[in-house]
Amino acid sequence: MGAASQVETGDGGVPAAEGRSASVANAARAGESGRASDAVHVNGQAVSLGGIPANWTLADLIRYRTTLRGTHLACEHGVCGVCTVLLDGQPTRSCLVLSHAVGDRQVTTVEGLDLLDADLARRLRAAFLARNAFQCGFCTPGMLTLVFAATREASACAAADDGSGTASAAGAASRARQVIDANICRCTGYSAIVAAATDVLQQAAAPGPDDRAVP
Ligand code: FES
Ligand code: FES
């Protein structure tokens, strides 16, 4: 292992393919346009690239150069989505992005969602708890990250009044299915996850003091 980072060093069937395609595309864009940098910024903290092999992915960097463990690894081929993080706010499969290609982009892991929007992160966790939207929990960080990004997008669309279609329960559920398609749940707990995501997406489309209660 190389130079110490500024982050504490550790040792260590849903239809629609829109979400998956977007996540892979974001990873591809990161690889194309990323430029050399001395560090990667994860949740606002610099993680040194000193001594990091050229073939280490962003997922490797997060797993082995920080104490953050919410970003999981499984297929390492961009298929399962369990390694999803946000790159400048966009869901991205961290197993497809080389650490040295991240450049100045801001990386947010599931542990850092509160830094972007603490209220949304809290409501999202509450919805997953209320709906019992996990079994083993392996896919949960990726699910939370995907739904977080989609909800921020839905909120922005609602603010712009562009008719994003998530204000209705049916519209929100449809969007939820698109979003979580980018992450495979090994426990097949999709119904509860869709329900939790639908709750949060629908709230985002009609924000108001009385609309934010989680069932
Ligand atoms: S581990 Fe990255 S997509 Fe499966
Ligand atoms: S809850 Fe086990 S993989 Fe989704």
# chains A, B, ... in the order shown; residues from 1 in each chain; ligands from 1
>>> residues_around(residues="Ala159 (chain A)", least_positions_apart="5", cutoff="10 Å", atoms="only C-alpha atoms", output="list in words")
Glu153, Ala154, Ala204, Ala205, Ala206 and Pro207 of chain A
>>> residues_around(residues="Thr109 (chain A)", least_positions_apart="6", cutoff="12 Å", atoms="only C-alpha atoms", output="PyMOL selection string")
chain A and resi 41-45+58-59+61-63+66-72+82-94+115-116+121+141-146+148-149
>>> write_last_selection(atoms="C-alpha atoms", output="tab-separated table (two decimals), in the first residue's frame")
chain	number	residue	atom	x	y	z
A	41	HIS	CA	-11.99	13.67	-3.16
A	42	VAL	CA	-14.30	11.28	-1.36
A	43	ASN	CA	-17.04	12.77	0.80
A	44	GLY	CA	-15.11	16.03	0.87
A	45	GLN	CA	-11.83	14.52	1.96
A	58	LEU	CA	-12.35	3.93	-7.72
A	59	ALA	CA	-13.99	1.08	-5.83
A	61	LEU	CA	-9.48	3.16	-3.71
A	62	ILE	CA	-12.55	3.55	-1.54
A	63	ARG	CA	-12.33	0.03	-0.14
A	66	THR	CA	-10.32	4.66	3.32
A	67	THR	CA	-12.29	3.24	6.21
A	68	LEU	CA	-15.51	3.50	4.20
A	69	ARG	CA	-17.14	0.10	3.69
A	70	GLY	CA	-20.57	1.00	2.33
A	71	THR	CA	-19.38	0.76	-1.26
A	72	HIS	CA	-19.54	-2.96	-1.95
A	82	VAL	CA	-23.55	-2.76	-5.80
A	83	CYS	CA	-20.53	-0.47	-6.10
A	84	THR	CA	-22.59	2.59	-7.06
A	85	VAL	CA	-21.35	5.96	-5.84
A	86	LEU	CA	-22.09	9.51	-6.92
A	87	LEU	CA	-19.60	11.26	-9.17
A	88	ASP	CA	-20.42	14.94	-9.19
A	89	GLY	CA	-23.88	13.87	-8.07
A	90	GLN	CA	-24.44	11.31	-10.82
A	91	PRO	CA	-24.77	7.58	-10.04
A	92	THR	CA	-21.69	5.80	-11.29
A	93	ARG	CA	-20.35	2.27	-10.99
A	94	SER	CA	-17.10	2.72	-9.15
A	115	LEU	CA	-23.23	16.00	3.21
A	116	LEU	CA	-25.23	16.66	0.05
A	121	ALA	CA	-30.75	11.21	3.39
A	141	PRO	CA	-25.96	1.14	-0.08
A	142	GLY	CA	-26.30	1.09	-3.85
A	143	MET	CA	-30.08	1.31	-3.62
A	144	LEU	CA	-29.91	4.27	-1.26
A	145	THR	CA	-27.41	6.03	-3.48
A	146	LEU	CA	-29.45	5.49	-6.64
A	148	PHE	CA	-31.04	9.58	-3.45
A	149	ALA	CA	-29.82	10.86	-6.83
>>> residues_near_ligand(ligand="ligand 2", cutoff="12 Å", atoms="only C-alpha atoms and all ligand atoms", output="count of residues only")
33
>>> atom_distance(atom1="atom 3 (S, counted along the ligand's line) of ligand 1", atom2="CA of Ala156 (chain A)")
27.1 Å
>>> closest_residue(among="A:Arg152, A:Val40, A:Ala127, A:Ile52", to="Val102 (chain A)", atoms="only C-alpha atoms")
A:Val40
>>> closest_residue(among="A:Ala54, A:Leu96, A:Leu124, A:Cys157", to="ligand 1", atoms="only C-alpha atoms and all ligand atoms")
A:Leu96
>>> closest_residue(among="A:Asp199, A:Asp119, A:Asp181, A:Asp38", to="ligand 1", atoms="only C-alpha atoms and all ligand atoms")
A:Asp181
>>> select_by_dssp(residues="region 56-117 of chain A", states="alpha helix (DSSP H)", output="NGL selection string")
:A and (58-65 or 113-117)
>>> closest_residue(among="A:Gly171, A:Gly103, A:Gly112, A:Gly78", to="ligand 1", atoms="only C-alpha atoms and all ligand atoms")
A:Gly78
>>> atom_distance(atom1="CA of Ala126 (chain A)", atom2="CA of Val200 (chain A)")
9.6 Å
>>> closest_residue(among="A:Asp117, A:Arg125, A:Arg177, A:Ala182", to="ligand 1", atoms="only C-alpha atoms and all ligand atoms")
A:Ala182
>>> atom_distance(atom1="CA of Leu201 (chain A)", atom2="CA of Val79 (chain A)")
24.5 Å
>>> select_by_dssp(residues="region 30-146 of chain A", states="strand (DSSP E)", output="list in words")
Ala39, Val40, His41, Val42, Gln45, Ala46, Val47, Ser48, Thr84, Val85, Leu86, Leu87, Gln90, Pro91, Thr92, Arg93, Gln106, Val107 and Thr108 of chain A
>>> write_last_selection(atoms="N, CA and C atoms", output="PDB file, in the first residue's frame")
ATOM      1  N   ALA A  39      -4.936  13.462  -5.896  1.00  0.00           N
ATOM      2  CA  ALA A  39      -5.837  12.871  -4.909  1.00  0.00           C
ATOM      3  C   ALA A  39      -7.238  12.776  -5.481  1.00  0.00           C
ATOM      4  N   VAL A  40      -8.002  11.899  -4.878  1.00  0.00           N
ATOM      5  CA  VAL A  40      -9.426  11.786  -5.205  1.00  0.00           C
ATOM      6  C   VAL A  40     -10.203  12.297  -4.003  1.00  0.00           C
ATOM      7  N   HIS A  41     -11.214  13.104  -4.253  1.00  0.00           N
ATOM      8  CA  HIS A  41     -11.993  13.666  -3.158  1.00  0.00           C
ATOM      9  C   HIS A  41     -13.243  12.829  -2.907  1.00  0.00           C
ATOM     10  N   VAL A  42     -13.212  12.174  -1.749  1.00  0.00           N
ATOM     11  CA  VAL A  42     -14.303  11.280  -1.365  1.00  0.00           C
ATOM     12  C   VAL A  42     -15.001  11.872  -0.142  1.00  0.00           C
ATOM     13  N   GLN A  45     -13.184  14.701   1.449  1.00  0.00           N
ATOM     14  CA  GLN A  45     -11.833  14.524   1.960  1.00  0.00           C
ATOM     15  C   GLN A  45     -10.920  13.971   0.873  1.00  0.00           C
ATOM     16  N   ALA A  46      -9.691  14.464   0.861  1.00  0.00           N
ATOM     17  CA  ALA A  46      -8.746  14.036  -0.172  1.00  0.00           C
ATOM     18  C   ALA A  46      -8.140  12.695   0.187  1.00  0.00           C
ATOM     19  N   VAL A  47      -8.161  11.789  -0.759  1.00  0.00           N
ATOM     20  CA  VAL A  47      -7.513  10.484  -0.606  1.00  0.00           C
ATOM     21  C   VAL A  47      -6.352  10.460  -1.594  1.00  0.00           C
ATOM     22  N   SER A  48      -5.148  10.366  -1.071  1.00  0.00           N
ATOM     23  CA  SER A  48      -3.960  10.451  -1.915  1.00  0.00           C
ATOM     24  C   SER A  48      -3.913   9.334  -2.951  1.00  0.00           C
ATOM     25  N   THR A  84     -22.169   1.263  -6.611  1.00  0.00           N
ATOM     26  CA  THR A  84     -22.588   2.592  -7.062  1.00  0.00           C
ATOM     27  C   THR A  84     -22.231   3.700  -6.069  1.00  0.00           C
ATOM     28  N   VAL A  85     -21.612   4.734  -6.601  1.00  0.00           N
ATOM     29  CA  VAL A  85     -21.354   5.958  -5.838  1.00  0.00           C
ATOM     30  C   VAL A  85     -21.852   7.128  -6.689  1.00  0.00           C
ATOM     31  N   LEU A  86     -21.761   8.315  -6.153  1.00  0.00           N
ATOM     32  CA  LEU A  86     -22.094   9.506  -6.925  1.00  0.00           C
ATOM     33  C   LEU A  86     -20.806  10.188  -7.355  1.00  0.00           C
ATOM     34  N   LEU A  87     -20.748  10.524  -8.626  1.00  0.00           N
ATOM     35  CA  LEU A  87     -19.602  11.256  -9.168  1.00  0.00           C
ATOM     36  C   LEU A  87     -20.151  12.592  -9.659  1.00  0.00           C
ATOM     37  N   GLN A  90     -23.831  12.263  -9.890  1.00  0.00           N
ATOM     38  CA  GLN A  90     -24.442  11.308 -10.815  1.00  0.00           C
ATOM     39  C   GLN A  90     -24.087   9.879 -10.424  1.00  0.00           C
ATOM     40  N   PRO A  91     -25.075   8.972 -10.368  1.00  0.00           N
ATOM     41  CA  PRO A  91     -24.770   7.575 -10.037  1.00  0.00           C
ATOM     42  C   PRO A  91     -23.781   6.983 -11.018  1.00  0.00           C
ATOM     43  N   THR A  92     -22.787   6.334 -10.476  1.00  0.00           N
ATOM     44  CA  THR A  92     -21.693   5.800 -11.287  1.00  0.00           C
ATOM     45  C   THR A  92     -21.193   4.505 -10.662  1.00  0.00           C
ATOM     46  N   ARG A  93     -20.887   3.528 -11.501  1.00  0.00           N
ATOM     47  CA  ARG A  93     -20.345   2.265 -10.987  1.00  0.00           C
ATOM     48  C   ARG A  93     -18.855   2.437 -10.740  1.00  0.00           C
ATOM     49  N   GLN A 106     -16.056  15.203  -7.599  1.00  0.00           N
ATOM     50  CA  GLN A 106     -16.385  14.920  -6.207  1.00  0.00           C
ATOM     51  C   GLN A 106     -17.076  13.566  -6.104  1.00  0.00           C
ATOM     52  N   VAL A 107     -16.485  12.688  -5.310  1.00  0.00           N
ATOM     53  CA  VAL A 107     -17.043  11.361  -5.103  1.00  0.00           C
ATOM     54  C   VAL A 107     -17.862  11.364  -3.813  1.00  0.00           C
ATOM     55  N   THR A 108     -19.069  10.856  -3.880  1.00  0.00           N
ATOM     56  CA  THR A 108     -19.907  10.728  -2.684  1.00  0.00           C
ATOM     57  C   THR A 108     -20.318   9.275  -2.542  1.00  0.00           C
TER      58      THR A 108
END
>>> closest_residue(among="A:Cys75, A:Arg65, A:Asp60, A:Ala130", to="ligand 1", atoms="only C-alpha atoms and all ligand atoms")
A:Cys75
>>> residues_around(residues="Ser174 (chain A)", least_positions_apart="5", cutoff="9 Å", atoms="only C-alpha atoms", output="list of chain:residue names")
A:Thr166, A:Ala169, A:Val179, A:Val194, A:Thr198
>>> write_last_selection(atoms="N, CA and C atoms", output="PDB file, in the first residue's frame")
ATOM      1  N   THR A 166     -43.610  12.055 -11.392  1.00  0.00           N
ATOM      2  CA  THR A 166     -43.489  11.269 -10.177  1.00  0.00           C
ATOM      3  C   THR A 166     -44.424  11.746  -9.071  1.00  0.00           C
ATOM      4  N   ALA A 169     -48.713   8.236  -7.470  1.00  0.00           N
ATOM      5  CA  ALA A 169     -48.130   7.000  -6.953  1.00  0.00           C
ATOM      6  C   ALA A 169     -47.659   6.105  -8.096  1.00  0.00           C
ATOM      7  N   VAL A 179     -35.146   3.229 -11.672  1.00  0.00           N
ATOM      8  CA  VAL A 179     -33.944   3.606 -10.920  1.00  0.00           C
ATOM      9  C   VAL A 179     -33.247   2.390 -10.332  1.00  0.00           C
ATOM     10  N   VAL A 194     -38.966  -1.035  -4.025  1.00  0.00           N
ATOM     11  CA  VAL A 194     -39.763  -0.162  -4.904  1.00  0.00           C
ATOM     12  C   VAL A 194     -40.721   0.684  -4.068  1.00  0.00           C
ATOM     13  N   THR A 198     -40.592   4.623  -4.000  1.00  0.00           N
ATOM     14  CA  THR A 198     -41.803   5.323  -4.452  1.00  0.00           C
ATOM     15  C   THR A 198     -42.222   6.374  -3.433  1.00  0.00           C
TER      16      THR A 198
END
>>> decode(residues="region 108-124 of chain A", atoms="N, CA and C atoms", output="PDB file, in the first residue's frame")
ATOM      1  N   THR A 108     -19.069  10.856  -3.880  1.00  0.00           N
ATOM      2  CA  THR A 108     -19.907  10.728  -2.684  1.00  0.00           C
ATOM      3  C   THR A 108     -20.318   9.275  -2.542  1.00  0.00           C
ATOM      4  N   THR A 109     -19.984   8.697  -1.404  1.00  0.00           N
ATOM      5  CA  THR A 109     -20.405   7.330  -1.121  1.00  0.00           C
ATOM      6  C   THR A 109     -21.674   7.370  -0.272  1.00  0.00           C
ATOM      7  N   VAL A 110     -22.227   6.218   0.024  1.00  0.00           N
ATOM      8  CA  VAL A 110     -23.452   6.181   0.815  1.00  0.00           C
ATOM      9  C   VAL A 110     -23.257   6.857   2.168  1.00  0.00           C
ATOM     10  N   GLU A 111     -22.030   6.799   2.673  1.00  0.00           N
ATOM     11  CA  GLU A 111     -21.780   7.428   3.973  1.00  0.00           C
ATOM     12  C   GLU A 111     -21.807   8.950   3.882  1.00  0.00           C
ATOM     13  N   GLY A 112     -21.667   9.497   2.661  1.00  0.00           N
ATOM     14  CA  GLY A 112     -21.580  10.944   2.505  1.00  0.00           C
ATOM     15  C   GLY A 112     -22.851  11.601   2.005  1.00  0.00           C
ATOM     16  N   LEU A 113     -23.930  10.849   1.874  1.00  0.00           N
ATOM     17  CA  LEU A 113     -25.165  11.433   1.334  1.00  0.00           C
ATOM     18  C   LEU A 113     -25.657  12.594   2.184  1.00  0.00           C
ATOM     19  N   ASP A 114     -25.465  12.492   3.484  1.00  0.00           N
ATOM     20  CA  ASP A 114     -25.902  13.577   4.379  1.00  0.00           C
ATOM     21  C   ASP A 114     -25.189  14.893   4.071  1.00  0.00           C
ATOM     22  N   LEU A 115     -23.972  14.788   3.525  1.00  0.00           N
ATOM     23  CA  LEU A 115     -23.230  16.000   3.213  1.00  0.00           C
ATOM     24  C   LEU A 115     -23.878  16.755   2.061  1.00  0.00           C
ATOM     25  N   LEU A 116     -24.565  16.027   1.191  1.00  0.00           N
ATOM     26  CA  LEU A 116     -25.231  16.657   0.048  1.00  0.00           C
ATOM     27  C   LEU A 116     -26.627  17.144   0.413  1.00  0.00           C
ATOM     28  N   ASP A 117     -27.359  16.344   1.183  1.00  0.00           N
ATOM     29  CA  ASP A 117     -28.716  16.726   1.585  1.00  0.00           C
ATOM     30  C   ASP A 117     -29.112  15.867   2.789  1.00  0.00           C
ATOM     31  N   ALA A 118     -28.875  16.401   3.960  1.00  0.00           N
ATOM     32  CA  ALA A 118     -29.093  15.622   5.185  1.00  0.00           C
ATOM     33  C   ALA A 118     -30.565  15.260   5.369  1.00  0.00           C
ATOM     34  N   ASP A 119     -31.457  16.179   5.025  1.00  0.00           N
ATOM     35  CA  ASP A 119     -32.884  15.907   5.201  1.00  0.00           C
ATOM     36  C   ASP A 119     -33.336  14.774   4.284  1.00  0.00           C
ATOM     37  N   LEU A 120     -32.907  14.833   3.044  1.00  0.00           N
ATOM     38  CA  LEU A 120     -33.268  13.762   2.104  1.00  0.00           C
ATOM     39  C   LEU A 120     -32.657  12.431   2.542  1.00  0.00           C
ATOM     40  N   ALA A 121     -31.404  12.447   2.958  1.00  0.00           N
ATOM     41  CA  ALA A 121     -30.754  11.206   3.391  1.00  0.00           C
ATOM     42  C   ALA A 121     -31.504  10.603   4.573  1.00  0.00           C
ATOM     43  N   ARG A 122     -31.944  11.442   5.486  1.00  0.00           N
ATOM     44  CA  ARG A 122     -32.690  10.959   6.655  1.00  0.00           C
ATOM     45  C   ARG A 122     -34.028  10.373   6.224  1.00  0.00           C
ATOM     46  N   ARG A 123     -34.742  11.075   5.349  1.00  0.00           N
ATOM     47  CA  ARG A 123     -36.047  10.577   4.902  1.00  0.00           C
ATOM     48  C   ARG A 123     -35.909   9.280   4.105  1.00  0.00           C
ATOM     49  N   LEU A 124     -34.828   9.179   3.365  1.00  0.00           N
ATOM     50  CA  LEU A 124     -34.595   7.968   2.575  1.00  0.00           C
ATOM     51  C   LEU A 124     -34.348   6.771   3.492  1.00  0.00           C
TER      52      LEU A 124
END
